[in-house]
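Novice: So that you have it, the file is query_26.txt, and it contains compact mmCIF, N, CA and C atoms:
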# COMPACT_ATOMS: atom_id res chain seq x y z
N MET A 1 -1.30 -1.81 -12.91
CA MET A 1 -1.04 -0.96 -11.77
C MET A 1 -0.64 -1.84 -10.59
N ALA A 2 0.47 -1.60 -10.03
CA ALA A 2 0.95 -2.37 -8.88
C ALA A 2 0.53 -1.69 -7.58
N LEU A 3 0.17 -2.51 -6.62
CA LEU A 3 -0.10 -2.03 -5.27
C LEU A 3 1.03 -2.51 -4.38
N LEU A 4 1.40 -1.70 -3.41
CA LEU A 4 2.47 -2.07 -2.50
C LEU A 4 1.89 -2.32 -1.12
N GLY A 5 2.21 -3.47 -0.57
CA GLY A 5 1.69 -3.81 0.73
C GLY A 5 2.57 -4.81 1.43
N CYS A 6 2.13 -5.21 2.62
CA CYS A 6 2.90 -6.13 3.44
C CYS A 6 2.05 -7.30 3.90
N ASP A 7 2.71 -8.42 4.05
CA ASP A 7 2.18 -9.64 4.65
C ASP A 7 2.66 -9.61 6.10
N VAL A 8 1.72 -9.69 7.05
CA VAL A 8 2.09 -9.66 8.47
C VAL A 8 1.46 -10.84 9.21
N SER A 9 2.10 -11.23 10.30
CA SER A 9 1.59 -12.31 11.13
C SER A 9 2.03 -12.07 12.57
N ARG A 10 1.86 -13.06 13.42
CA ARG A 10 2.24 -12.88 14.82
C ARG A 10 3.73 -12.66 14.99
N TRP A 11 4.51 -13.02 13.98
CA TRP A 11 5.96 -12.85 14.06
C TRP A 11 6.36 -11.39 14.06
N GLN A 12 5.50 -10.52 13.53
CA GLN A 12 5.74 -9.09 13.58
C GLN A 12 4.81 -8.52 14.64
N GLY A 13 5.23 -7.50 15.32
CA GLY A 13 4.34 -6.87 16.30
C GLY A 13 3.25 -6.06 15.63
N ILE A 14 2.22 -5.72 16.41
CA ILE A 14 1.18 -4.83 15.88
C ILE A 14 1.87 -3.53 15.51
N GLY A 15 1.57 -3.03 14.36
CA GLY A 15 2.26 -1.86 13.81
C GLY A 15 3.12 -2.25 12.62
N ALA A 16 3.40 -3.56 12.51
CA ALA A 16 4.09 -4.02 11.30
C ALA A 16 3.15 -3.74 10.14
N GLY A 17 3.69 -3.30 9.07
CA GLY A 17 2.87 -2.96 7.91
C GLY A 17 2.54 -1.48 7.84
N ASP A 18 2.90 -0.71 8.88
CA ASP A 18 2.61 0.73 8.86
C ASP A 18 3.26 1.41 7.65
N GLU A 19 4.41 0.89 7.22
CA GLU A 19 5.12 1.49 6.09
C GLU A 19 4.52 1.11 4.74
N ALA A 20 3.60 0.14 4.73
CA ALA A 20 2.96 -0.28 3.48
C ALA A 20 2.00 0.81 3.01
N PRO A 21 2.20 1.35 1.81
CA PRO A 21 1.35 2.47 1.38
C PRO A 21 -0.07 2.08 0.98
N ASP A 22 -0.28 0.86 0.51
CA ASP A 22 -1.59 0.52 -0.07
C ASP A 22 -2.41 -0.51 0.71
N PHE A 23 -1.76 -1.57 1.19
CA PHE A 23 -2.53 -2.63 1.83
C PHE A 23 -1.71 -3.40 2.84
N VAL A 24 -2.43 -4.10 3.71
CA VAL A 24 -1.85 -5.06 4.65
C VAL A 24 -2.68 -6.32 4.54
N ILE A 25 -2.00 -7.45 4.42
CA ILE A 25 -2.69 -8.73 4.43
C ILE A 25 -2.12 -9.53 5.60
N ALA A 26 -2.99 -9.99 6.45
CA ALA A 26 -2.58 -10.63 7.70
C ALA A 26 -2.86 -12.12 7.69
N LYS A 27 -1.94 -12.86 8.29
CA LYS A 27 -2.17 -14.29 8.47
C LYS A 27 -3.33 -14.46 9.44
N ALA A 28 -4.31 -15.25 9.02
CA ALA A 28 -5.47 -15.52 9.86
C ALA A 28 -5.40 -16.92 10.45
N THR A 29 -5.10 -17.91 9.61
CA THR A 29 -5.13 -19.29 10.05
C THR A 29 -4.01 -20.09 9.41
N GLU A 30 -3.78 -21.28 9.99
CA GLU A 30 -2.82 -22.24 9.45
C GLU A 30 -3.35 -23.63 9.70
N GLY A 31 -3.22 -24.46 8.69
CA GLY A 31 -3.67 -25.84 8.85
C GLY A 31 -5.15 -25.92 9.18
N ALA A 32 -5.47 -26.83 10.11
CA ALA A 32 -6.86 -27.02 10.49
C ALA A 32 -7.10 -26.73 11.96
N GLY A 33 -6.16 -25.95 12.60
CA GLY A 33 -6.35 -25.70 14.02
C GLY A 33 -5.70 -24.46 14.58
N TYR A 34 -4.94 -23.71 13.78
CA TYR A 34 -4.24 -22.55 14.32
C TYR A 34 -4.88 -21.25 13.83
N VAL A 35 -5.16 -20.34 14.77
CA VAL A 35 -5.65 -19.00 14.47
C VAL A 35 -4.59 -18.02 14.97
N ASP A 36 -4.12 -17.13 14.10
CA ASP A 36 -3.10 -16.16 14.47
C ASP A 36 -3.69 -15.15 15.46
N PRO A 37 -3.12 -15.03 16.65
CA PRO A 37 -3.69 -14.14 17.67
C PRO A 37 -3.57 -12.66 17.35
N ASN A 38 -2.71 -12.28 16.41
CA ASN A 38 -2.52 -10.87 16.07
C ASN A 38 -3.28 -10.44 14.83
N CYS A 39 -3.98 -11.37 14.19
CA CYS A 39 -4.64 -11.05 12.93
C CYS A 39 -5.56 -9.85 13.06
N ASP A 40 -6.50 -9.90 13.97
CA ASP A 40 -7.47 -8.81 14.06
C ASP A 40 -6.80 -7.47 14.39
N GLY A 41 -5.79 -7.48 15.24
CA GLY A 41 -5.07 -6.25 15.55
C GLY A 41 -4.42 -5.64 14.32
N HIS A 42 -3.80 -6.49 13.51
CA HIS A 42 -3.19 -6.01 12.26
C HIS A 42 -4.25 -5.41 11.34
N ILE A 43 -5.38 -6.12 11.20
CA ILE A 43 -6.43 -5.67 10.29
C ILE A 43 -7.03 -4.35 10.78
N GLN A 44 -7.35 -4.27 12.05
CA GLN A 44 -7.97 -3.05 12.58
C GLN A 44 -7.04 -1.85 12.45
N ARG A 45 -5.74 -2.05 12.70
CA ARG A 45 -4.77 -0.95 12.57
C ARG A 45 -4.70 -0.48 11.11
N ALA A 46 -4.63 -1.42 10.18
CA ALA A 46 -4.55 -1.05 8.76
C ALA A 46 -5.82 -0.31 8.33
N LEU A 47 -6.97 -0.79 8.75
CA LEU A 47 -8.22 -0.11 8.40
C LEU A 47 -8.26 1.31 8.97
N SER A 48 -7.76 1.49 10.19
CA SER A 48 -7.76 2.82 10.79
C SER A 48 -6.84 3.78 10.04
N GLN A 49 -5.90 3.23 9.28
CA GLN A 49 -4.98 4.04 8.47
C GLN A 49 -5.49 4.19 7.04
N GLY A 50 -6.68 3.68 6.77
CA GLY A 50 -7.27 3.82 5.44
C GLY A 50 -6.73 2.88 4.40
N LYS A 51 -6.10 1.81 4.82
CA LYS A 51 -5.52 0.85 3.87
C LYS A 51 -6.51 -0.25 3.54
N SER A 52 -6.33 -0.83 2.38
CA SER A 52 -7.05 -2.05 2.03
C SER A 52 -6.46 -3.19 2.84
N VAL A 53 -7.27 -4.24 3.06
CA VAL A 53 -6.80 -5.35 3.88
C VAL A 53 -7.12 -6.68 3.24
N GLY A 54 -6.43 -7.68 3.71
CA GLY A 54 -6.69 -9.04 3.32
C GLY A 54 -6.31 -9.98 4.44
N VAL A 55 -6.82 -11.21 4.36
CA VAL A 55 -6.47 -12.26 5.31
C VAL A 55 -6.04 -13.48 4.52
N TYR A 56 -5.06 -14.20 5.07
CA TYR A 56 -4.59 -15.38 4.36
C TYR A 56 -4.51 -16.60 5.27
N HIS A 57 -4.51 -17.73 4.60
CA HIS A 57 -4.42 -19.04 5.25
C HIS A 57 -3.11 -19.69 4.83
N TYR A 58 -2.31 -20.09 5.80
CA TYR A 58 -1.07 -20.82 5.51
C TYR A 58 -1.42 -22.30 5.37
N ALA A 59 -1.27 -22.81 4.16
CA ALA A 59 -1.65 -24.19 3.85
C ALA A 59 -0.68 -25.20 4.45
N ARG A 60 -1.24 -26.31 4.92
CA ARG A 60 -0.43 -27.42 5.43
C ARG A 60 -0.86 -28.72 4.73
N PRO A 61 -0.57 -28.81 3.42
CA PRO A 61 -0.96 -30.01 2.68
C PRO A 61 -0.24 -31.27 3.17
N ASP A 62 0.81 -31.09 3.96
CA ASP A 62 1.51 -32.22 4.54
C ASP A 62 0.74 -32.83 5.71
N LEU A 63 -0.26 -32.10 6.23
CA LEU A 63 -0.98 -32.55 7.42
C LEU A 63 -2.47 -32.77 7.21
N ASN A 64 -3.08 -32.03 6.29
CA ASN A 64 -4.54 -32.02 6.18
C ASN A 64 -5.00 -32.01 4.73
N ASP A 65 -6.30 -32.27 4.55
CA ASP A 65 -6.89 -32.20 3.23
C ASP A 65 -7.34 -30.75 2.95
N PRO A 66 -7.48 -30.37 1.69
CA PRO A 66 -7.81 -28.97 1.37
C PRO A 66 -9.21 -28.55 1.81
N ILE A 67 -10.15 -29.45 1.82
CA ILE A 67 -11.52 -29.09 2.18
C ILE A 67 -11.61 -28.72 3.66
N SER A 68 -11.00 -29.52 4.54
CA SER A 68 -11.05 -29.19 5.97
C SER A 68 -10.32 -27.89 6.26
N GLU A 69 -9.21 -27.63 5.57
CA GLU A 69 -8.50 -26.38 5.79
C GLU A 69 -9.28 -25.18 5.26
N ALA A 70 -9.93 -25.34 4.13
CA ALA A 70 -10.74 -24.24 3.58
C ALA A 70 -11.89 -23.92 4.51
N ARG A 71 -12.54 -24.93 5.02
CA ARG A 71 -13.67 -24.71 5.94
C ARG A 71 -13.20 -24.06 7.24
N PHE A 72 -12.06 -24.47 7.74
CA PHE A 72 -11.50 -23.87 8.96
C PHE A 72 -11.21 -22.38 8.73
N PHE A 73 -10.59 -22.07 7.61
CA PHE A 73 -10.29 -20.68 7.26
C PHE A 73 -11.56 -19.84 7.19
N VAL A 74 -12.54 -20.30 6.45
CA VAL A 74 -13.79 -19.54 6.27
C VAL A 74 -14.50 -19.35 7.61
N GLU A 75 -14.57 -20.40 8.40
CA GLU A 75 -15.24 -20.30 9.70
C GLU A 75 -14.58 -19.23 10.58
N ASN A 76 -13.27 -19.13 10.51
CA ASN A 76 -12.55 -18.19 11.36
C ASN A 76 -12.41 -16.79 10.75
N CYS A 77 -12.84 -16.62 9.52
CA CYS A 77 -12.72 -15.31 8.85
C CYS A 77 -14.06 -14.73 8.45
N LYS A 78 -15.14 -15.25 8.97
CA LYS A 78 -16.47 -14.78 8.58
C LYS A 78 -16.62 -13.27 8.73
N GLY A 79 -16.05 -12.70 9.77
CA GLY A 79 -16.18 -11.27 10.00
C GLY A 79 -15.48 -10.40 8.97
N TYR A 80 -14.59 -10.99 8.18
CA TYR A 80 -13.85 -10.23 7.18
C TYR A 80 -14.44 -10.37 5.78
N LEU A 81 -15.39 -11.27 5.61
CA LEU A 81 -15.95 -11.49 4.27
C LEU A 81 -16.61 -10.21 3.77
N GLY A 82 -16.27 -9.85 2.55
CA GLY A 82 -16.78 -8.62 1.96
C GLY A 82 -15.96 -7.39 2.33
N LYS A 83 -15.00 -7.54 3.24
CA LYS A 83 -14.16 -6.42 3.67
C LYS A 83 -12.69 -6.63 3.32
N ALA A 84 -12.31 -7.88 3.12
CA ALA A 84 -10.90 -8.21 2.95
C ALA A 84 -10.71 -9.16 1.77
N ILE A 85 -9.56 -9.05 1.15
CA ILE A 85 -9.13 -10.02 0.15
C ILE A 85 -8.87 -11.33 0.89
N LEU A 86 -9.21 -12.45 0.29
CA LEU A 86 -8.92 -13.77 0.85
C LEU A 86 -7.80 -14.40 0.03
N ALA A 87 -6.87 -15.07 0.72
CA ALA A 87 -5.74 -15.65 0.00
C ALA A 87 -5.25 -16.94 0.65
N LEU A 88 -4.65 -17.77 -0.18
CA LEU A 88 -3.99 -18.99 0.25
C LEU A 88 -2.49 -18.77 0.17
N ASP A 89 -1.79 -18.91 1.29
CA ASP A 89 -0.33 -18.80 1.34
C ASP A 89 0.23 -20.19 1.06
N TRP A 90 0.88 -20.32 -0.09
CA TRP A 90 1.35 -21.62 -0.58
C TRP A 90 2.86 -21.68 -0.51
N GLU A 91 3.40 -22.19 0.61
CA GLU A 91 4.85 -22.22 0.74
C GLU A 91 5.40 -23.37 1.57
N GLN A 92 4.57 -24.26 2.07
CA GLN A 92 5.06 -25.34 2.93
C GLN A 92 6.08 -26.19 2.18
N PRO A 93 7.32 -26.25 2.67
CA PRO A 93 8.36 -27.02 1.98
C PRO A 93 7.96 -28.48 1.77
N GLY A 94 8.35 -28.99 0.61
CA GLY A 94 8.09 -30.38 0.28
C GLY A 94 6.70 -30.65 -0.28
N THR A 95 5.84 -29.64 -0.34
CA THR A 95 4.48 -29.85 -0.82
C THR A 95 4.10 -28.90 -1.95
N GLN A 96 5.01 -28.04 -2.33
CA GLN A 96 4.68 -26.98 -3.29
C GLN A 96 4.32 -27.51 -4.67
N TRP A 97 4.67 -28.71 -4.98
CA TRP A 97 4.33 -29.33 -6.26
C TRP A 97 2.84 -29.67 -6.35
N ASN A 98 2.14 -29.73 -5.22
CA ASN A 98 0.77 -30.23 -5.18
C ASN A 98 -0.25 -29.14 -5.54
N VAL A 99 -0.21 -28.72 -6.79
CA VAL A 99 -1.09 -27.66 -7.29
C VAL A 99 -2.56 -28.07 -7.16
N GLY A 100 -2.86 -29.34 -7.32
CA GLY A 100 -4.23 -29.82 -7.20
C GLY A 100 -4.81 -29.55 -5.82
N TRP A 101 -4.01 -29.71 -4.78
CA TRP A 101 -4.45 -29.41 -3.41
C TRP A 101 -4.83 -27.94 -3.31
N ALA A 102 -3.95 -27.08 -3.80
CA ALA A 102 -4.21 -25.63 -3.76
C ALA A 102 -5.49 -25.28 -4.52
N LYS A 103 -5.67 -25.88 -5.69
CA LYS A 103 -6.88 -25.61 -6.49
C LYS A 103 -8.14 -26.05 -5.76
N GLU A 104 -8.09 -27.20 -5.10
CA GLU A 104 -9.26 -27.65 -4.33
C GLU A 104 -9.58 -26.68 -3.20
N TRP A 105 -8.56 -26.18 -2.51
CA TRP A 105 -8.77 -25.21 -1.43
C TRP A 105 -9.42 -23.95 -1.99
N LEU A 106 -8.87 -23.43 -3.06
CA LEU A 106 -9.42 -22.22 -3.68
C LEU A 106 -10.87 -22.43 -4.09
N ASP A 107 -11.16 -23.57 -4.71
CA ASP A 107 -12.53 -23.88 -5.13
C ASP A 107 -13.48 -23.93 -3.94
N GLU A 108 -13.05 -24.55 -2.85
CA GLU A 108 -13.92 -24.69 -1.68
C GLU A 108 -14.18 -23.34 -1.02
N VAL A 109 -13.16 -22.51 -0.92
CA VAL A 109 -13.36 -21.17 -0.34
C VAL A 109 -14.32 -20.37 -1.21
N GLN A 110 -14.17 -20.45 -2.52
CA GLN A 110 -15.11 -19.75 -3.39
C GLN A 110 -16.52 -20.30 -3.24
N ARG A 111 -16.65 -21.61 -3.15
CA ARG A 111 -17.98 -22.22 -2.99
C ARG A 111 -18.64 -21.75 -1.69
N LEU A 112 -17.87 -21.66 -0.62
CA LEU A 112 -18.41 -21.29 0.69
C LEU A 112 -18.71 -19.79 0.82
N THR A 113 -17.96 -18.96 0.09
CA THR A 113 -18.05 -17.50 0.29
C THR A 113 -18.55 -16.72 -0.92
N SER A 114 -18.55 -17.33 -2.08
CA SER A 114 -18.80 -16.65 -3.35
C SER A 114 -17.75 -15.58 -3.65
N ILE A 115 -16.58 -15.71 -3.04
CA ILE A 115 -15.45 -14.80 -3.26
C ILE A 115 -14.30 -15.61 -3.83
N LYS A 116 -13.70 -15.11 -4.89
CA LYS A 116 -12.53 -15.79 -5.46
C LYS A 116 -11.28 -15.39 -4.68
N PRO A 117 -10.66 -16.34 -4.00
CA PRO A 117 -9.42 -16.01 -3.28
C PRO A 117 -8.22 -15.97 -4.24
N LEU A 118 -7.14 -15.44 -3.73
CA LEU A 118 -5.87 -15.41 -4.45
C LEU A 118 -5.00 -16.56 -3.98
N ALA A 119 -4.03 -16.93 -4.80
CA ALA A 119 -2.97 -17.85 -4.40
C ALA A 119 -1.70 -17.02 -4.25
N TYR A 120 -1.06 -17.13 -3.11
CA TYR A 120 0.10 -16.32 -2.73
C TYR A 120 1.33 -17.22 -2.64
N MET A 121 2.35 -16.92 -3.43
CA MET A 121 3.54 -17.78 -3.44
C MET A 121 4.74 -17.02 -3.99
N SER A 122 5.89 -17.63 -3.86
CA SER A 122 7.11 -17.03 -4.39
C SER A 122 7.18 -17.21 -5.90
N ALA A 123 7.98 -16.39 -6.54
CA ALA A 123 8.16 -16.48 -7.99
C ALA A 123 8.74 -17.84 -8.38
N SER A 124 9.60 -18.41 -7.55
CA SER A 124 10.19 -19.70 -7.90
C SER A 124 9.14 -20.81 -7.93
N VAL A 125 8.16 -20.76 -7.03
CA VAL A 125 7.10 -21.78 -7.03
C VAL A 125 6.23 -21.63 -8.27
N VAL A 126 5.94 -20.39 -8.64
CA VAL A 126 5.14 -20.16 -9.85
C VAL A 126 5.84 -20.74 -11.07
N SER A 127 7.15 -20.53 -11.15
CA SER A 127 7.87 -20.96 -12.35
C SER A 127 8.21 -22.44 -12.34
N GLN A 128 8.22 -23.10 -11.19
CA GLN A 128 8.60 -24.52 -11.13
C GLN A 128 7.46 -25.48 -11.42
N TYR A 129 6.22 -25.05 -11.22
CA TYR A 129 5.09 -25.96 -11.32
C TYR A 129 4.04 -25.40 -12.27
N ASP A 130 3.15 -26.27 -12.72
CA ASP A 130 2.13 -25.89 -13.68
C ASP A 130 0.89 -25.36 -12.95
N TRP A 131 0.72 -24.05 -12.94
CA TRP A 131 -0.39 -23.38 -12.27
C TRP A 131 -1.51 -23.04 -13.25
N SER A 132 -1.51 -23.67 -14.42
CA SER A 132 -2.52 -23.34 -15.42
C SER A 132 -3.95 -23.64 -14.94
N SER A 133 -4.15 -24.69 -14.14
CA SER A 133 -5.51 -24.99 -13.66
C SER A 133 -6.02 -23.87 -12.75
N VAL A 134 -5.13 -23.26 -11.99
CA VAL A 134 -5.50 -22.14 -11.12
C VAL A 134 -5.73 -20.89 -11.96
N ALA A 135 -4.81 -20.61 -12.86
CA ALA A 135 -4.95 -19.43 -13.71
C ALA A 135 -6.17 -19.53 -14.61
N ASN A 136 -6.42 -20.71 -15.18
CA ASN A 136 -7.58 -20.91 -16.06
C ASN A 136 -8.91 -20.80 -15.33
N ALA A 137 -8.89 -21.01 -14.01
CA ALA A 137 -10.11 -20.85 -13.20
C ALA A 137 -10.26 -19.40 -12.73
N ASP A 138 -9.38 -18.54 -13.21
CA ASP A 138 -9.43 -17.10 -12.93
C ASP A 138 -9.17 -16.74 -11.48
N TYR A 139 -8.35 -17.55 -10.82
CA TYR A 139 -7.86 -17.18 -9.49
C TYR A 139 -6.62 -16.33 -9.69
N GLY A 140 -6.53 -15.26 -8.95
CA GLY A 140 -5.36 -14.40 -9.06
C GLY A 140 -4.14 -15.03 -8.42
N LEU A 141 -2.98 -14.74 -8.96
CA LEU A 141 -1.71 -15.17 -8.36
C LEU A 141 -1.02 -13.93 -7.80
N TRP A 142 -0.73 -13.96 -6.54
CA TRP A 142 0.00 -12.89 -5.86
C TRP A 142 1.42 -13.41 -5.66
N ILE A 143 2.37 -12.77 -6.28
CA ILE A 143 3.76 -13.19 -6.22
C ILE A 143 4.45 -12.40 -5.11
N ALA A 144 4.99 -13.13 -4.14
CA ALA A 144 5.65 -12.51 -3.00
C ALA A 144 6.94 -11.82 -3.44
N GLY A 145 7.20 -10.70 -2.83
CA GLY A 145 8.45 -9.99 -2.98
C GLY A 145 8.88 -9.51 -1.61
N TYR A 146 10.12 -9.63 -1.28
CA TYR A 146 10.56 -9.40 0.09
C TYR A 146 11.50 -8.21 0.27
N PRO A 147 11.49 -7.21 -0.57
CA PRO A 147 12.49 -6.15 -0.39
C PRO A 147 12.18 -5.16 0.71
N ASP A 148 10.93 -4.93 1.05
CA ASP A 148 10.61 -3.82 1.93
C ASP A 148 9.91 -4.21 3.23
N CYS A 149 9.00 -5.14 3.20
CA CYS A 149 8.21 -5.44 4.41
C CYS A 149 8.58 -6.77 5.02
Could you spell out this file's structure in structure tokens?

Specialist:
Amino acid sequence: MALLGCDVSRWQGIGAGDEAPDFVIAKATEGAGYVDPNCDGHIQRALSQGKSVGVYHYARPDLNDPISEARFFVENCKGYLGKAILALDWEQPGTQWNVGWAKEWLDEVQRLTSIKPLAYMSASVVSQYDWSSVANADYGLWIAGYPDC
């Protein structure tokens, strides 16, 4: 069963994702120091519309280690634990080959929250690199599609 939803961040205004029938997942953090100022507004609007929600972290393996980024994400998303899907946005150019970094981030978020996060990426990244360590650890893969939102 497929669910249809949108990925939103500060680049879209509050109200982005209104057309998503099932869920909205909002950018919460990036790297080890950025918090998206529109995250909570996106989440609260989606919840008021009865949608499922999620929060994601934009990985910066070119700048930081996975443990510090995972801890930063969890610290800034404590209020959403148990209410939202957690995900790692894996798209930083030049670093997408580093599946081990992504796996360490996923492991640390699970260790800190007891919640298994998803890995979010394009179909080309999934097909270009070996994600078996992530799949074998039972982390979900969310494949981005850009036709509607």

Novice: Please report the interatomic distance between CA of Arg71 in chain A and CA of Ala46 in chain A in Å with one decimal.

Specialist: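 Taking CA of Arg71 in chain A as the start and CA of Ala46 in chain A as the end point, the length is 25.5 Å.
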
Novice: Enclose range 114-131 of chain A, meaning all of its atoms listed in the file, in a box aligned along x, y and z, pad it by 8 Å on each side, and list the centre and edge lengths in Å to one decimal, as AutoDock Vina command-line options.

Specialist:
--center_x -4.3 --center_y -20.5 --center_z -7.9 --size_x 45.0 --size_y 27.5 --size_z 27.6

Novice: Please work out which residues fall within 9 Å of (-13.0, -26.3, -0.7), coordinates as given in the file, with only C-alpha atoms counting, and return them as a PyMOL selection string.

Specialist: chain A and resi 66-71+103-112

Novice: Could you go through chain A and tell me which residues DSSP, when run on the backbone, assigns to alpha helix (DSSP H), listing them as JSON, numbers by chain?

Specialist: {"A": [39, 40, 41, 42, 43, 44, 45, 46, 47, 48, 66, 67, 68, 69, 70, 71, 72, 73, 74, 75, 76, 99, 100, 101, 102, 103, 104, 105, 106, 107, 108, 109, 110, 111, 112, 113, 123, 124, 125, 126, 127, 128, 132, 133, 134, 135, 136]}

Novice: Please indicate the distance in Å from CA of Pro37 in chain A to CA of Gly100 in chain A, rounded to one decimal place.

Specialist: 29.4 Å

Novice: Please indicate the distance in Å from atom N of Trp131 in chain A to atom N of Ala2 in chain A, rounded to one decimal place.

Specialist: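 Between these atoms lies a distance of 22.6 Å.
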
Novice: DSSP on the backbone, then: every residue of chain A marked strand (DSSP E or B), written as a VMD selection string.

Specialist: chain A and resid 5 to 8 14 to 17 23 to 30 34 to 35 52 to 58 85 to 89 118 to 121 141 to 143

Novice: Residues within 7 Å of Met121 in chain A, please, as a CSV table (one decimal) with N, CA and C atoms, in the coordinates of the input. Count only N, CA and C atoms; anything in the same chain fewer than 5 positions from it doesn't count.

Specialist:
chain,number,residue,atom,x,y,z
A,88,LEU,N,-4.6,-17.8,-0.2
A,88,LEU,CA,-4.0,-19.0,0.2
A,88,LEU,C,-2.5,-18.8,0.2
A,89,ASP,N,-1.8,-18.9,1.3
A,89,ASP,CA,-0.3,-18.8,1.3
A,89,ASP,C,0.2,-20.2,1.1
A,90,TRP,N,0.9,-20.3,-0.1
A,90,TRP,CA,1.4,-21.6,-0.6
A,90,TRP,C,2.9,-21.7,-0.5
A,91,GLU,N,3.4,-22.2,0.6
A,91,GLU,CA,4.8,-22.2,0.7
A,91,GLU,C,5.4,-23.4,1.6
A,126,VAL,N,5.9,-20.4,-8.6
A,126,VAL,CA,5.1,-20.2,-9.8
A,126,VAL,C,5.8,-20.7,-11.1
A,141,LEU,N,-3.0,-14.7,-9.0
A,141,LEU,CA,-1.7,-15.2,-8.4
A,141,LEU,C,-1.0,-13.9,-7.8
A,142,TRP,N,-0.7,-14.0,-6.5
A,142,TRP,CA,0.0,-12.9,-5.9
A,142,TRP,C,1.4,-13.4,-5.7
A,143,ILE,N,2.4,-12.8,-6.3
A,143,ILE,CA,3.8,-13.2,-6.2
A,143,ILE,C,4.4,-12.4,-5.1
A,144,ALA,N,5.0,-13.1,-4.1
A,144,ALA,CA,5.6,-12.5,-3.0
A,144,ALA,C,6.9,-11.8,-3.4
A,145,GLY,N,7.2,-10.7,-2.8
A,145,GLY,CA,8.4,-10.0,-3.0
A,145,GLY,C,8.9,-9.5,-1.6
